[in-house]
file final_14.pdb (PDB, C-alpha atoms)
ATOM      1  CA  MET A1390       8.937 -14.880  11.904  1.00  0.00           C
ATOM      2  CA  GLU A1391      10.265 -12.868  14.843  1.00  0.00           C
ATOM      3  CA  LEU A1392       9.081  -9.559  13.363  1.00  0.00           C
ATOM      4  CA  THR A1393       5.519 -10.840  12.948  1.00  0.00           C
ATOM      5  CA  ARG A1394       5.363 -12.266  16.465  1.00  0.00           C
ATOM      6  CA  ASP A1395       6.693  -9.081  18.022  1.00  0.00           C
ATOM      7  CA  LEU A1396       4.230  -6.872  16.165  1.00  0.00           C
ATOM      8  CA  ALA A1397       1.299  -9.235  16.585  1.00  0.00           C
ATOM      9  CA  LYS A1398       1.618  -8.948  20.372  1.00  0.00           C
ATOM     10  CA  GLN A1399       0.386  -5.380  20.107  1.00  0.00           C
ATOM     11  CA  THR A1400      -3.085  -6.552  19.120  1.00  0.00           C
ATOM     12  CA  THR A1401      -3.380  -9.242  21.808  1.00  0.00           C
ATOM     13  CA  LEU A1402      -6.028  -8.612  24.439  1.00  0.00           C
ATOM     14  CA  ALA A1403      -5.771  -9.545  28.120  1.00  0.00           C
ATOM     15  CA  ASP A1404      -7.674 -12.799  27.566  1.00  0.00           C
ATOM     16  CA  GLY A1405      -5.250 -13.907  24.861  1.00  0.00           C
ATOM     17  CA  ASN A1406      -7.610 -13.216  21.951  1.00  0.00           C
ATOM     18  CA  PHE A1407      -6.717 -10.939  19.087  1.00  0.00           C
ATOM     19  CA  SER A1408      -8.594  -7.705  18.655  1.00  0.00           C
ATOM     20  CA  PRO A1409     -10.823  -7.806  15.551  1.00  0.00           C
ATOM     21  CA  ILE A1410     -10.082  -5.700  12.514  1.00  0.00           C
ATOM     22  CA  PRO A1411     -12.689  -2.911  12.508  1.00  0.00           C
ATOM     23  CA  GLN A1412     -15.314  -3.345   9.795  1.00  0.00           C
ATOM     24  CA  PRO A1413     -16.451  -0.251   7.874  1.00  0.00           C
ATOM     25  CA  THR A1414     -20.109   0.743   7.936  1.00  0.00           C
ATOM     26  CA  LYS A1415     -22.109   2.746   5.429  1.00  0.00           C
ATOM     27  CA  SER A1416     -21.799   5.831   7.617  1.00  0.00           C
ATOM     28  CA  THR A1417     -18.017   5.506   8.009  1.00  0.00           C
ATOM     29  CA  ARG A1418     -16.188   8.395   6.342  1.00  0.00           C
ATOM     30  CA  ILE A1419     -12.730   8.109   7.909  1.00  0.00           C
ATOM     31  CA  GLU A1420     -11.148   4.666   8.037  1.00  0.00           C
ATOM     32  CA  SER A1421      -9.435   3.606  11.253  1.00  0.00           C
ATOM     33  CA  LEU A1422      -6.423   1.356  10.759  1.00  0.00           C
ATOM     34  CA  PRO A1423      -5.564  -1.416  13.241  1.00  0.00           C
ATOM     35  CA  LEU A1424      -2.611  -0.594  15.467  1.00  0.00           C
ATOM     36  CA  THR A1425      -0.264  -3.130  13.901  1.00  0.00           C
ATOM     37  CA  PRO A1426       0.460  -3.375  10.159  1.00  0.00           C
ATOM     38  CA  VAL A1427       1.439  -7.048  10.370  1.00  0.00           C
ATOM     39  CA  ASP A1428      -0.793 -10.001  11.228  1.00  0.00           C
ATOM     40  CA  LEU A1429       0.252 -13.541  12.155  1.00  0.00           C
ATOM     41  CA  ASP A1430       0.742 -14.507   8.495  1.00  0.00           C
ATOM     42  CA  GLY A1431       3.028 -11.557   7.816  1.00  0.00           C
ATOM     43  CA  LEU A1432       0.338  -9.801   5.770  1.00  0.00           C
ATOM     44  CA  SER A1433      -0.381  -6.103   6.153  1.00  0.00           C
ATOM     45  CA  TRP A1434      -3.998  -5.106   6.728  1.00  0.00           C
ATOM     46  CA  PRO A1435      -5.309  -7.990   4.577  1.00  0.00           C
ATOM     47  CA  SER A1436      -8.778  -7.686   3.079  1.00  0.00           C
ATOM     48  CA  ILE A1437     -11.444 -10.348   3.547  1.00  0.00           C
ATOM     49  CA  GLY A1438     -10.447 -12.292   0.427  1.00  0.00           C
ATOM     50  CA  THR A1439      -6.674 -11.905   0.721  1.00  0.00           C
ATOM     51  CA  LYS A1440      -5.909 -15.150   2.549  1.00  0.00           C
ATOM     52  CA  LEU A1441      -8.158 -17.141   0.215  1.00  0.00           C
ATOM     53  CA  ARG A1442      -6.179 -15.778  -2.713  1.00  0.00           C
ATOM     54  CA  LEU A1443      -2.834 -16.345  -0.989  1.00  0.00           C
ATOM     55  CA  ASN A1444      -3.486 -19.955   0.025  1.00  0.00           C
ATOM     56  CA  GLU A1445      -5.272 -21.260  -3.057  1.00  0.00           C
ATOM     57  CA  GLY A1446      -3.760 -24.001  -5.206  1.00  0.00           C
ATOM     58  CA  GLU A1447      -3.150 -24.021  -8.946  1.00  0.00           C
ATOM     59  CA  GLU A1448      -6.679 -25.209  -9.702  1.00  0.00           C
ATOM     60  CA  GLU A1449      -8.230 -22.416  -7.616  1.00  0.00           C
ATOM     61  CA  LYS A1450      -5.918 -19.849  -9.230  1.00  0.00           C
ATOM     62  CA  GLY A1451      -7.029 -21.008 -12.654  1.00  0.00           C
ATOM     63  CA  GLU A1452     -10.679 -20.732 -11.657  1.00  0.00           C
ATOM     64  CA  ARG A1453     -10.091 -17.221 -10.289  1.00  0.00           C
ATOM     65  CA  LEU A1454      -8.542 -16.134 -13.600  1.00  0.00           C
ATOM     66  CA  ARG A1455     -11.389 -17.716 -15.582  1.00  0.00           C
ATOM     67  CA  LYS A1456     -13.978 -15.828 -13.537  1.00  0.00           C
ATOM     68  CA  LEU A1457     -12.108 -12.561 -13.968  1.00  0.00           C
ATOM     69  CA  THR A1458     -11.687 -13.188 -17.704  1.00  0.00           C
ATOM     70  CA  SER A1459     -15.410 -13.858 -18.061  1.00  0.00           C
ATOM     71  CA  ALA A1460     -16.216 -10.659 -16.167  1.00  0.00           C
ATOM     72  CA  VAL A1461     -14.050  -8.601 -18.517  1.00  0.00           C
ATOM     73  CA  GLN A1462     -15.765 -10.181 -21.519  1.00  0.00           C
ATOM     74  CA  THR A1463     -19.108  -9.139 -20.036  1.00  0.00           C
ATOM     75  CA  ILE A1464     -17.821  -5.571 -19.630  1.00  0.00           C
ATOM     76  CA  LEU A1465     -16.814  -5.470 -23.299  1.00  0.00           C
ATOM     77  CA  GLU A1466     -20.273  -6.622 -24.318  1.00  0.00           C
ATOM     78  CA  CYS A1467     -21.977  -4.094 -22.016  1.00  0.00           C
ATOM     79  CA  ILE A1468     -20.109  -1.105 -23.475  1.00  0.00           C
ATOM     80  CA  GLY A1469     -21.206  -2.128 -26.986  1.00  0.00           C
ATOM     81  CA  GLU A1470     -18.082  -3.910 -28.195  1.00  0.00           C
ATOM     82  CA  ASP A1471     -17.651  -7.273 -29.894  1.00  0.00           C
ATOM     83  CA  PRO A1472     -15.353  -9.420 -27.718  1.00  0.00           C
ATOM     84  CA  ASN A1473     -14.944 -11.823 -30.639  1.00  0.00           C
ATOM     85  CA  ARG A1474     -13.306  -9.370 -33.016  1.00  0.00           C
ATOM     86  CA  GLU A1475      -9.605  -9.833 -33.663  1.00  0.00           C
ATOM     87  CA  GLY A1476      -8.300  -6.958 -31.558  1.00  0.00           C
ATOM     88  CA  LEU A1477     -10.274  -8.018 -28.483  1.00  0.00           C
ATOM     89  CA  LEU A1478     -10.002 -11.810 -28.609  1.00  0.00           C
ATOM     90  CA  MET A1479      -7.235 -11.958 -25.991  1.00  0.00           C
ATOM     91  CA  THR A1480      -8.139  -8.766 -24.136  1.00  0.00           C
ATOM     92  CA  PRO A1481     -10.182 -10.417 -21.335  1.00  0.00           C
ATOM     93  CA  ASP A1482      -7.359 -12.847 -20.569  1.00  0.00           C
ATOM     94  CA  ARG A1483      -4.691 -10.127 -20.736  1.00  0.00           C
ATOM     95  CA  TYR A1484      -6.681  -7.804 -18.496  1.00  0.00           C
ATOM     96  CA  ALA A1485      -7.366 -10.552 -15.946  1.00  0.00           C
ATOM     97  CA  GLN A1486      -3.652 -11.264 -15.636  1.00  0.00           C
ATOM     98  CA  ALA A1487      -2.848  -7.551 -15.504  1.00  0.00           C
ATOM     99  CA  MET A1488      -5.381  -6.999 -12.704  1.00  0.00           C
ATOM    100  CA  MET A1489      -3.790  -9.749 -10.639  1.00  0.00           C
ATOM    101  CA  PHE A1490      -0.455  -7.992 -11.045  1.00  0.00           C
ATOM    102  CA  PHE A1491      -1.914  -4.567 -10.242  1.00  0.00           C
ATOM    103  CA  SER A1492      -3.257  -5.995  -6.970  1.00  0.00           C
ATOM    104  CA  LYS A1493      -0.318  -8.235  -6.018  1.00  0.00           C
ATOM    105  CA  GLY A1494       0.359  -6.125  -2.929  1.00  0.00           C
ATOM    106  CA  TYR A1495      -2.512  -7.857  -1.106  1.00  0.00           C
ATOM    107  CA  GLU A1496      -0.612 -11.137  -0.883  1.00  0.00           C
ATOM    108  CA  GLU A1497       2.895  -9.822  -0.267  1.00  0.00           C
ATOM    109  CA  SER A1498       4.412 -10.363   3.160  1.00  0.00           C
ATOM    110  CA  ILE A1499       6.139  -7.446   4.819  1.00  0.00           C
ATOM    111  CA  GLU A1500       8.445  -9.972   6.490  1.00  0.00           C
ATOM    112  CA  ASP A1501       9.612 -11.197   3.090  1.00  0.00           C
ATOM    113  CA  ILE A1502      10.046  -7.629   1.875  1.00  0.00           C
ATOM    114  CA  ILE A1503      12.171  -6.596   4.869  1.00  0.00           C
ATOM    115  CA  ASN A1504      14.016  -9.935   4.819  1.00  0.00           C
ATOM    116  CA  GLY A1505      15.991  -9.173   7.974  1.00  0.00           C
ATOM    117  CA  ALA A1506      17.379  -5.889   6.659  1.00  0.00           C
ATOM    118  CA  ILE A1507      17.074  -4.075  10.016  1.00  0.00           C
ATOM    119  CA  PHE A1508      20.438  -3.049  11.418  1.00  0.00           C
ATOM    120  CA  GLU A1509      21.674  -1.618  14.705  1.00  0.00           C
ATOM    121  CA  GLU A1510      23.397   1.685  13.899  1.00  0.00           C
ATOM    122  CA  ASP A1511      24.515   4.633  16.021  1.00  0.00           C
ATOM    123  CA  TYR A1512      22.858   7.208  13.772  1.00  0.00           C
ATOM    124  CA  ASP A1513      20.165   9.655  14.823  1.00  0.00           C
ATOM    125  CA  GLU A1514      19.885  12.077  11.906  1.00  0.00           C
ATOM    126  CA  MET A1515      17.264  12.150   9.190  1.00  0.00           C
ATOM    127  CA  VAL A1516      17.129   9.393   6.570  1.00  0.00           C
ATOM    128  CA  ILE A1517      15.176  10.241   3.415  1.00  0.00           C
ATOM    129  CA  VAL A1518      14.370   8.375   0.215  1.00  0.00           C
ATOM    130  CA  LYS A1519      12.473  10.723  -2.073  1.00  0.00           C
ATOM    131  CA  ASN A1520      10.667  10.613  -5.403  1.00  0.00           C
ATOM    132  CA  ILE A1521       9.725   6.925  -5.252  1.00  0.00           C
ATOM    133  CA  GLU A1522       7.462   6.404  -8.254  1.00  0.00           C
ATOM    134  CA  VAL A1523       4.324   4.402  -7.551  1.00  0.00           C
ATOM    135  CA  PHE A1524       1.285   3.234  -9.493  1.00  0.00           C
ATOM    136  CA  SER A1525      -2.008   2.360  -7.861  1.00  0.00           C
ATOM    137  CA  LEU A1526      -5.709   1.936  -8.592  1.00  0.00           C
ATOM    138  CA  CYS A1527      -8.361   4.222  -7.152  1.00  0.00           C
ATOM    139  CA  GLU A1528     -10.796   2.003  -5.272  1.00  0.00           C
ATOM    140  CA  HIS A1529     -13.738   4.230  -6.182  1.00  0.00           C
ATOM    141  CA  HIS A1530     -13.436   3.954  -9.979  1.00  0.00           C
ATOM    142  CA  MET A1531     -10.659   1.362 -10.453  1.00  0.00           C
ATOM    143  CA  VAL A1532      -8.665   3.680 -12.676  1.00  0.00           C
ATOM    144  CA  PRO A1533      -4.995   4.482 -12.057  1.00  0.00           C
ATOM    145  CA  PHE A1534      -3.410   7.192 -10.001  1.00  0.00           C
ATOM    146  CA  THR A1535       0.320   7.675 -10.282  1.00  0.00           C
ATOM    147  CA  GLY A1536       2.828   9.802  -8.457  1.00  0.00           C
ATOM    148  CA  LYS A1537       5.853  10.019  -6.232  1.00  0.00           C
ATOM    149  CA  ILE A1538       6.355   9.290  -2.554  1.00  0.00           C
ATOM    150  CA  SER A1539       9.042  10.682  -0.278  1.00  0.00           C
ATOM    151  CA  ILE A1540       9.754   8.853   2.976  1.00  0.00           C
ATOM    152  CA  GLY A1541      11.833  10.074   5.896  1.00  0.00           C
ATOM    153  CA  TYR A1542      12.550   8.838   9.394  1.00  0.00           C
ATOM    154  CA  ILE A1543      14.890   9.597  12.279  1.00  0.00           C
ATOM    155  CA  PRO A1544      16.372   6.338  13.608  1.00  0.00           C
ATOM    156  CA  ASN A1545      16.356   5.243  17.194  1.00  0.00           C
ATOM    157  CA  ARG A1546      19.519   3.120  16.840  1.00  0.00           C
ATOM    158  CA  ARG A1547      17.854   0.951  14.163  1.00  0.00           C
ATOM    159  CA  VAL A1548      17.967   1.547  10.410  1.00  0.00           C
ATOM    160  CA  LEU A1549      16.266  -0.193   7.505  1.00  0.00           C
ATOM    161  CA  GLY A1550      17.887  -1.109   4.198  1.00  0.00           C
ATOM    162  CA  LEU A1551      17.156   1.795   1.843  1.00  0.00           C
ATOM    163  CA  SER A1552      15.590  -0.314  -0.896  1.00  0.00           C
ATOM    164  CA  LYS A1553      13.062  -1.616   1.621  1.00  0.00           C
ATOM    165  CA  LEU A1554      11.468   1.828   1.891  1.00  0.00           C
ATOM    166  CA  ALA A1555      10.688   1.719  -1.831  1.00  0.00           C
ATOM    167  CA  ARG A1556       9.504  -1.886  -1.589  1.00  0.00           C
ATOM    168  CA  ILE A1557       7.106  -1.069   1.253  1.00  0.00           C
ATOM    169  CA  ALA A1558       5.661   1.809  -0.779  1.00  0.00           C
ATOM    170  CA  GLU A1559       5.284  -0.543  -3.747  1.00  0.00           C
ATOM    171  CA  MET A1560       3.538  -3.209  -1.679  1.00  0.00           C
ATOM    172  CA  PHE A1561       0.869  -0.844  -0.351  1.00  0.00           C
ATOM    173  CA  SER A1562       0.371   0.854  -3.725  1.00  0.00           C
ATOM    174  CA  ARG A1563      -0.340  -2.443  -5.520  1.00  0.00           C
ATOM    175  CA  ARG A1564      -3.839  -2.587  -4.058  1.00  0.00           C
ATOM    176  CA  LEU A1565      -7.124  -0.786  -4.530  1.00  0.00           C
ATOM    177  CA  GLN A1566      -6.355   2.396  -2.640  1.00  0.00           C
ATOM    178  CA  VAL A1567      -7.143   5.955  -1.780  1.00  0.00           C
ATOM    179  CA  GLN A1568      -4.135   8.225  -1.576  1.00  0.00           C
ATOM    180  CA  GLU A1569      -4.823   9.265   2.005  1.00  0.00           C
ATOM    181  CA  ARG A1570      -4.806   5.681   3.276  1.00  0.00           C
ATOM    182  CA  LEU A1571      -1.777   4.710   1.190  1.00  0.00           C
ATOM    183  CA  THR A1572       0.245   7.538   2.721  1.00  0.00           C
ATOM    184  CA  LYS A1573      -0.813   6.589   6.254  1.00  0.00           C
ATOM    185  CA  GLN A1574      -0.200   2.860   5.825  1.00  0.00           C
ATOM    186  CA  ILE A1575       3.409   3.399   4.766  1.00  0.00           C
ATOM    187  CA  ALA A1576       4.070   5.685   7.738  1.00  0.00           C
ATOM    188  CA  ILE A1577       2.460   3.414  10.334  1.00  0.00           C
ATOM    189  CA  ALA A1578       4.251   0.343   8.971  1.00  0.00           C
ATOM    190  CA  LEU A1579       7.651   2.018   9.309  1.00  0.00           C
ATOM    191  CA  GLN A1580       6.803   3.336  12.763  1.00  0.00           C
ATOM    192  CA  GLU A1581       5.885  -0.134  13.990  1.00  0.00           C
ATOM    193  CA  ILE A1582       8.780  -1.932  12.306  1.00  0.00           C
ATOM    194  CA  LEU A1583      11.616   0.392  13.375  1.00  0.00           C
ATOM    195  CA  LYS A1584      10.242   2.243  16.419  1.00  0.00           C
ATOM    196  CA  PRO A1585      12.112   5.368  15.231  1.00  0.00           C
ATOM    197  CA  GLN A1586      11.932   8.849  16.715  1.00  0.00           C
ATOM    198  CA  GLY A1587       9.562   9.791  13.936  1.00  0.00           C
ATOM    199  CA  VAL A1588       8.347   9.040  10.405  1.00  0.00           C
ATOM    200  CA  ALA A1589       7.271  11.398   7.631  1.00  0.00           C
ATOM    201  CA  VAL A1590       5.627  10.436   4.345  1.00  0.00           C
ATOM    202  CA  VAL A1591       4.541  12.813   1.597  1.00  0.00           C
ATOM    203  CA  MET A1592       2.841  11.735  -1.624  1.00  0.00           C
ATOM    204  CA  GLU A1593       2.006  13.772  -4.721  1.00  0.00           C
ATOM    205  CA  ALA A1594      -0.119  12.085  -7.372  1.00  0.00           C
ATOM    206  CA  SER A1595      -2.301  12.593 -10.415  1.00  0.00           C
ATOM    207  CA  HIS A1596      -5.636  10.765 -10.409  1.00  0.00           C
ATOM    208  CA  LEU A1597      -7.129   9.717 -13.727  1.00  0.00           C
ATOM    209  CA  CYS A1598     -10.565   9.715 -12.099  1.00  0.00           C
ATOM    210  CA  MET A1599     -10.156  13.520 -12.028  1.00  0.00           C
ATOM    211  CA  VAL A1600      -8.497  13.723 -15.448  1.00  0.00           C
ATOM    212  CA  MET A1601     -10.452  11.326 -17.692  1.00  0.00           C
ATOM    213  CA  ARG A1602     -13.890  11.730 -16.098  1.00  0.00           C
ATOM    214  CA  GLY A1603     -15.767  13.838 -13.549  1.00  0.00           C
ATOM    215  CA  VAL A1604     -14.234  17.298 -13.234  1.00  0.00           C
ATOM    216  CA  GLN A1605     -11.741  16.511 -16.074  1.00  0.00           C
ATOM    217  CA  LYS A1606      -8.827  18.643 -14.894  1.00  0.00           C
ATOM    218  CA  PRO A1607      -5.517  17.481 -16.421  1.00  0.00           C
ATOM    219  CA  GLY A1608      -2.468  18.693 -14.543  1.00  0.00           C
ATOM    220  CA  SER A1609      -4.141  18.741 -11.127  1.00  0.00           C
ATOM    221  CA  MET A1610      -2.068  17.109  -8.371  1.00  0.00           C
ATOM    222  CA  THR A1611      -3.139  15.781  -4.982  1.00  0.00           C
ATOM    223  CA  VAL A1612      -0.695  16.038  -2.067  1.00  0.00           C
ATOM    224  CA  THR A1613      -1.071  14.045   1.142  1.00  0.00           C
ATOM    225  CA  SER A1614       1.188  13.688   4.162  1.00  0.00           C
ATOM    226  CA  THR A1615       1.449  11.710   7.374  1.00  0.00           C
ATOM    227  CA  MET A1616       3.745  12.903  10.167  1.00  0.00           C
ATOM    228  CA  LEU A1617       4.453  10.765  13.225  1.00  0.00           C
ATOM    229  CA  GLY A1618       6.631  11.274  16.290  1.00  0.00           C
ATOM    230  CA  VAL A1619       9.076  14.190  16.167  1.00  0.00           C
ATOM    231  CA  PHE A1620       7.898  15.178  12.687  1.00  0.00           C
ATOM    232  CA  ARG A1621       4.454  15.908  14.108  1.00  0.00           C
ATOM    233  CA  GLU A1622       5.668  17.372  17.397  1.00  0.00           C
ATOM    234  CA  GLN A1623       8.530  19.598  16.206  1.00  0.00           C
ATOM    235  CA  ALA A1624       7.912  22.201  13.527  1.00  0.00           C
ATOM    236  CA  LYS A1625      11.628  22.646  12.738  1.00  0.00           C
ATOM    237  CA  THR A1626      12.106  18.932  12.103  1.00  0.00           C
ATOM    238  CA  ARG A1627       9.044  18.879   9.869  1.00  0.00           C
ATOM    239  CA  GLU A1628      10.243  21.949   7.967  1.00  0.00           C
ATOM    240  CA  GLU A1629      13.684  20.409   7.437  1.00  0.00           C
ATOM    241  CA  PHE A1630      12.109  17.297   5.925  1.00  0.00           C
ATOM    242  CA  LEU A1631       9.807  19.281   3.644  1.00  0.00           C
ATOM    243  CA  THR A1632      12.716  21.475   2.509  1.00  0.00           C
ATOM    244  CA  LEU A1633      14.947  18.477   1.744  1.00  0.00           C
ATOM    245  CA  ILE A1634      12.373  16.635  -0.351  1.00  0.00           C
ATOM    246  CA  LYS A1635      11.765  19.755  -2.441  1.00  0.00           C
ATOM    247  CA  GLY A1636      15.459  20.386  -3.077  1.00  0.00           C
TER
END
call {"tool": "encode", "arguments": {"input": "final_14.pdb", "output": "structure tokens"}}
result
Amino acid sequence: MELTRDLAKQTTLADGNFSPIPQPTKSTRIESLPLTPVDLDGLSWPSIGTKLRLNEGEEEKGERLRKLTSAVQTILECIGEDPNREGLLMTPDRYAQAMMFFSKGYEESIEDIINGAIFEEDYDEMVIVKNIEVFSLCEHHMVPFTGKISIGYIPNRRVLGLSKLARIAEMFSRRLQVQERLTKQIAIALQEILKPQGVAVVMEASHLCMVMRGVQKPGSMTVTSTMLGVFREQAKTREEFLTLIKG
């Protein structure tokens, strides 16, 4: 739990209380993330219902699935289908279980993902893991967006196991997301965990909410980036990263 305690200190106020997570309002257009990506339970920016889901027993889990299954059955009825026909008999149950998997990132602990894989190393050149495939759900329409993420950082005598970069990207993508926030969450998490000289994250994705509905433009790609530390401050460092992930 050392990682959680160290990071949690950053949100402690002078009176010993923890600063509240900012709540969005109807007029909010740009979301502001709390300074630390890890709370006392090891969760990363948990939503209001995350801890209820995480701490519930088998009976509560069963009730949650039953409610979700019933909701899917209602959707089938509302679109004009017959939920009792052969091909749809098990669809509500299958979809309920699939949705729990799609959103499993809410209840994953970044401590468990890192699992102590932070190492002291005398290395201060760029570390990049590129083309990490991710799948997420757009929070506006709850349809998928899929793409690839490239992550780079310059260590400050501490390195992270390479697979952990992909696991962190997976954790944040398995939630209802917008691409901009997903990109930023990954970058801030790495910055807080490693305290490196800088972090760079670039994501390129296709959104089915733009392909299957709305503007209906297959082949369109959305690119987002977050640059922290030397990647933001030094153009040459940023250019080197962007060149390497394209190569």
call {"tool": "resolve_selection", "arguments": {"input": "final_14.pdb", "expression": "the PyMOL selection byres ((chain A and resi 1595) around 7)", "output": "ChimeraX atom specification"}}
result
/A:1534-1536,1594,1596-1597,1609-1611
call {"tool": "atom_distance", "arguments": {"input": "final_14.pdb", "atom1": "atom CA of A:Glu1528", "atom2": "atom CA of A:Leu1565"}}
result
4.7 Å
call {"tool": "resolve_selection", "arguments": {"input": "final_14.pdb", "expression": "the PyMOL selection byres ((chain A and resi 1567-1584) around 7)", "output": "PDB file with C-alpha atoms, keeping the file's coordinate frame"}}
result
ATOM      1  CA  THR A1425      -0.264  -3.130  13.901  1.00  0.00           C
ATOM      2  CA  PRO A1426       0.460  -3.375  10.159  1.00  0.00           C
ATOM      3  CA  CYS A1527      -8.361   4.222  -7.152  1.00  0.00           C
ATOM      4  CA  GLU A1528     -10.796   2.003  -5.272  1.00  0.00           C
ATOM      5  CA  ASN A1545      16.356   5.243  17.194  1.00  0.00           C
ATOM      6  CA  ARG A1547      17.854   0.951  14.163  1.00  0.00           C
ATOM      7  CA  ILE A1557       7.106  -1.069   1.253  1.00  0.00           C
ATOM      8  CA  ALA A1558       5.661   1.809  -0.779  1.00  0.00           C
ATOM      9  CA  PHE A1561       0.869  -0.844  -0.351  1.00  0.00           C
ATOM     10  CA  SER A1562       0.371   0.854  -3.725  1.00  0.00           C
ATOM     11  CA  GLN A1566      -6.355   2.396  -2.640  1.00  0.00           C
ATOM     12  CA  PRO A1585      12.112   5.368  15.231  1.00  0.00           C
ATOM     13  CA  GLN A1586      11.932   8.849  16.715  1.00  0.00           C
ATOM     14  CA  VAL A1588       8.347   9.040  10.405  1.00  0.00           C
ATOM     15  CA  ALA A1589       7.271  11.398   7.631  1.00  0.00           C
ATOM     16  CA  VAL A1590       5.627  10.436   4.345  1.00  0.00           C
ATOM     17  CA  VAL A1591       4.541  12.813   1.597  1.00  0.00           C
ATOM     18  CA  MET A1592       2.841  11.735  -1.624  1.00  0.00           C
ATOM     19  CA  THR A1613      -1.071  14.045   1.142  1.00  0.00           C
ATOM     20  CA  SER A1614       1.188  13.688   4.162  1.00  0.00           C
ATOM     21  CA  THR A1615       1.449  11.710   7.374  1.00  0.00           C
TER      22      THR A1615
END
call {"tool": "atom_distance", "arguments": {"input": "final_14.pdb", "atom1": "atom CA of A:Arg1442", "atom2": "atom CA of A:Pro1481"}}
result
19.8 Å
call {"tool": "atom_distance", "arguments": {"input": "final_14.pdb", "atom1": "atom CA of A:Glu1497", "atom2": "atom CA of A:Val1532"}}
result
21.7 Å
call {"tool": "closest_residue", "arguments": {"input": "final_14.pdb", "among": "A:Arg1564, A:Lys1450, A:Lys1519, A:Lys1440", "to": "A:Met1488", "atoms": "all atoms listed in the file"}}
result
A:Arg1564
call {"tool": "closest_residue", "arguments": {"input": "final_14.pdb", "among": "A:Ala1555, A:Val1427, A:Leu1432, A:Leu1443", "to": "A:Met1489", "atoms": "all atoms listed in the file"}}
result
A:Leu1443
call {"tool": "closest_residue", "arguments": {"input": "final_14.pdb", "among": "A:Arg1602, A:Arg1546, A:Arg1563, A:Arg1621", "to": "A:Phe1490", "atoms": "all atoms listed in the file"}}
result
A:Arg1563
call {"tool": "resolve_selection", "arguments": {"input": "final_14.pdb", "expression": "the PyMOL selection byres ((chain A and resi 1503) around 12)", "output": "short mmCIF file (atom, residue, chain, number, x, y, z; two decimals) with C-alpha atoms, keeping the file's coordinate frame"}}
result
data_model
loop_
_atom_site.label_atom_id
_atom_site.label_comp_id
_atom_site.auth_asym_id
_atom_site.auth_seq_id
_atom_site.Cartn_x
_atom_site.Cartn_y
_atom_site.Cartn_z
CA MET A 1390 8.94 -14.88 11.90
CA GLU A 1391 10.26 -12.87 14.84
CA LEU A 1392 9.08 -9.56 13.36
CA THR A 1393 5.52 -10.84 12.95
CA GLY A 1431 3.03 -11.56 7.82
CA GLU A 1497 2.90 -9.82 -0.27
CA SER A 1498 4.41 -10.36 3.16
CA ILE A 1499 6.14 -7.45 4.82
CA GLU A 1500 8.44 -9.97 6.49
CA ASP A 1501 9.61 -11.20 3.09
CA ILE A 1502 10.05 -7.63 1.88
CA ASN A 1504 14.02 -9.94 4.82
CA GLY A 1505 15.99 -9.17 7.97
CA ALA A 1506 17.38 -5.89 6.66
CA ILE A 1507 17.07 -4.08 10.02
CA PHE A 1508 20.44 -3.05 11.42
CA VAL A 1548 17.97 1.55 10.41
CA LEU A 1549 16.27 -0.19 7.50
CA GLY A 1550 17.89 -1.11 4.20
CA LEU A 1551 17.16 1.80 1.84
CA SER A 1552 15.59 -0.31 -0.90
CA LYS A 1553 13.06 -1.62 1.62
CA LEU A 1554 11.47 1.83 1.89
CA ALA A 1555 10.69 1.72 -1.83
CA ARG A 1556 9.50 -1.89 -1.59
CA ILE A 1557 7.11 -1.07 1.25
CA MET A 1560 3.54 -3.21 -1.68
CA ALA A 1578 4.25 0.34 8.97
CA LEU A 1579 7.65 2.02 9.31
CA ILE A 1582 8.78 -1.93 12.31
CA LEU A 1583 11.62 0.39 13.38
#
call {"tool": "closest_residue", "arguments": {"input": "final_14.pdb", "among": "A:Glu1475, A:Glu1628, A:Asp1482, A:Glu1593", "to": "A:Glu1522", "atoms": "all atoms listed in the file"}}
result
A:Glu1593
call {"tool": "axis_aligned_box", "arguments": {"input": "final_14.pdb", "around": "stretch 1450-1465 of chain A", "padding_each_side": "8 Å", "output": "AutoDock Vina command-line options"}}
result
--center_x -12.5 --center_y -13.2 --center_z -16.3 --size_x 29.2 --size_y 31.5 --size_z 30.1
call {"tool": "closest_residue", "arguments": {"input": "final_14.pdb", "among": "A:Leu1478, A:Leu1454, A:Met1515, A:Met1531", "to": "A:Phe1491", "atoms": "all atoms listed in the file"}}
result
A:Met1531
call {"tool": "residues_around", "arguments": {"input": "final_14.pdb", "residues": "A:Thr1458", "least_positions_apart": "6", "cutoff": "9 Å", "atoms": "all atoms listed in the file", "output": "list in words"}}
result
Thr1480, Pro1481, Asp1482, Arg1483, Tyr1484, Ala1485 and Gln1486 of chain A
